[in-house]
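First the structure, in the form of structure tokens, and then the observations on it.
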Amino acid sequence: EADHLEIQVKIIDDALVNAYAMPDGRIYITTAMLGMMDNEAQLAIVLGHELTHILERHQLLARRSAASNAAFFGSINLIVPFSSIGHLAAVTGFSQQFESQADERGFEAFLRREYSPGQAVLLFQRIEKYIVKEGIRTPQFFSSHPRIRNRVTHFESLISALPAGRPRGTLMNRDRFLDATREVRLAAIRSWIRKGMFTTALERVEIYASRYPNDARGYWLKGEIFRKRITTPEEPQRRIKDRADFGKALTMYDDALALDPGLPEAWRGKGQVLLKVGDSDGAAAALQRYATLNPGAPDLDFYTEWTDAR
């Protein structure tokens with residue numbers, strides 16, 4: 001029975017905001033989804049939604065629907081294999097009926113735990129802005145702009161429909177959540193940087209650095225954002241902005257190294273920027289320091305050859 005399954009929550013390192021459930025009790029949530037969150041209440045609304053899919057056996061019902069559709073559309077070759085229905089739900093989401101039910105029942109459980117109801121709206125509003133800012137077009141469950149807009153509206157209507165006399169919870173557990181997910185949120189920022197989602201990465205790393213001002217990694221990641229978002233087009237105004245970003249990157253790397261002189265990635269980033277601005281001596285010194293601190297790095301040969309050839 002679904003309600004006797006062992007529920008397991010697994011984290012996937014991915015730059016796209018997503019979460020989905022499997023019928024065997026597994027709930028998958030991406031680092032990007034966790035990186036979007038500020039407190040436990042926001043996590044609870046997502047997990048409550050996914051848990052409802054499991055307990056209500058939505059995937060089994062989706063399979064039955066797929067089998068029925070296969071009988072009707074089989075000659076057109078539109079139906080994915082039966083074993084792929086779990087993946088299909090993860091990519092496209094369930095039907096509107098199932099999604100609404102998961103929102104409503106998950107939200108009711110959320111309220112019983114006395115979480116702050118407005119946090120559900122805030123989370124999905126943030127995800128909606130992320131989709132627009134980053135120009136995401138992938139048809140992931142949380143990456144469809146019309147669907148996410150419906151989610152915001154639906155939660156707003158659920159909150160509006162609460163009886164006037166019903167107490168509204170205030171629980172968020174912000175500090176506990178942020179400390180427990182500290183490394184995961186750093187992983188999310190790194191994944192956004194790798195994907196070129198610099199706007200989101202910078203917004204979230206600013207929040208991280210303000211909470212952990214003595215963690216050199218926050219400043220290093222800001223340096224990475226300023227360095228990697230630099231392009232080299234012909235427009236003079238863009239080149240001026242590039243120079244400003246080089247300066248910001250160097251400042252962030254220096255701030256990181258002031259806190260932790262043994263952070264190899266900050267030395268590498270600093271060396272790369274100095275190389276770009278023509279400071280060969282400074283670049284060589286920084287990259288040699290990187291090599292000393294990180295002798296097993298996969299990119300070490302490239303930097304060692306360059307410094308030795310000078």
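In the structure tokens, chains take the letters A, B, ... in the order shown, each chain's residues start at 1, and ligands count up from 1 in the order shown.
With only C-alpha atoms taken into account, the protein and nucleic acid residues at most 8 Å from stretch 284-286 of chain A (excluding it and anything under 2 positions from it in its own chain) are A:Trp267, A:Arg268, A:Lys270, A:Gly271, A:Ser280, A:Asp281, A:Gly282, A:Gln288, A:Arg289, A:Tyr290, A:Thr307.
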Writing out the chosen residues with C-alpha atoms as a tab-separated table (two decimals), in the first residue's frame:
```tsv
chain	number	residue	atom	x	y	z
A	267	TRP	CA	43.86	31.43	-6.57
A	268	ARG	CA	42.96	29.85	-9.90
A	270	LYS	CA	42.49	35.26	-9.63
A	271	GLY	CA	45.21	33.93	-11.92
A	280	SER	CA	51.50	37.83	-16.50
A	281	ASP	CA	53.67	37.97	-13.38
A	282	GLY	CA	50.68	38.21	-11.08
A	288	GLN	CA	51.60	28.52	-9.04
A	289	ARG	CA	49.91	28.93	-5.67
A	290	TYR	CA	46.88	27.08	-7.07
A	307	THR	CA	53.90	28.98	-15.97
```
Practice item. Show which residues sit within 8 Å of stretch 96-112 of chain A, as a PyMOL selection string. Count only C-alpha atoms, and ignore same-chain residues fewer than 2 positions away. Key: chain A and resi 41+44-45+47-53+58+93-94+114-117+154-155+158+168-169
**Study point:** Interatomic distance (Å, one decimal) between atom CA of A:Ser160 and atom CA of A:Ala32
**Key:**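 Atom CA of A:Ala32 lies 29.2 Å from atom CA of A:Ser160.
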Check your understanding: Near A:Gly269, counting only C-alpha atoms, which residues have an atom at most 10 Å away, once you skip same-chain residues fewer than 3 positions from it, shown as a list in words?
Key -> Trp220, Leu221, Gly223, Glu224, Arg227, Lys228, Ala249, Leu250, Met252, Tyr253, Pro264, Glu265, Ala266, Gln272, Val273, Leu274, Leu275, Ala283, Ala286, Leu287 and Tyr290 of chain A
Check your understanding: Which residues, written as a list in words, have at least one atom at most 8 Å from A:Lys133, with only C-alpha atoms counted and residues fewer than 3 positions away on the same chain left out?
Key -> Lys129, Tyr130, Thr199 and Thr200 of chain A
Check your understanding: If you measure from atom CA of A:Arg229 to atom CA of A:Gly196, what distance in Å do you get, rounded to one decimal?
Key ->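 One can read the atom CA of A:Arg229 to atom CA of A:Gly196 distance as 7.3 Å.
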Exercise for review: Find, counting only C-alpha atoms, the residue in A:Leu178, A:Ala258, A:Val121, A:Ile7 that gets nearest to A:Asp38.
Suggested key: A:Leu178
Practice item. Just give me the gap between atom CA of A:Arg194 and atom CA of A:Asp299 in Å, one decimal is fine. Key: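 Separation of atom CA of A:Arg194 and atom CA of A:Asp299: 16.2 Å.
Residue nearest A:Arg204, chosen from A:Ile11, A:Gly247, A:Phe302, A:Gly35 and counting only C-alpha atoms: A:Gly35.
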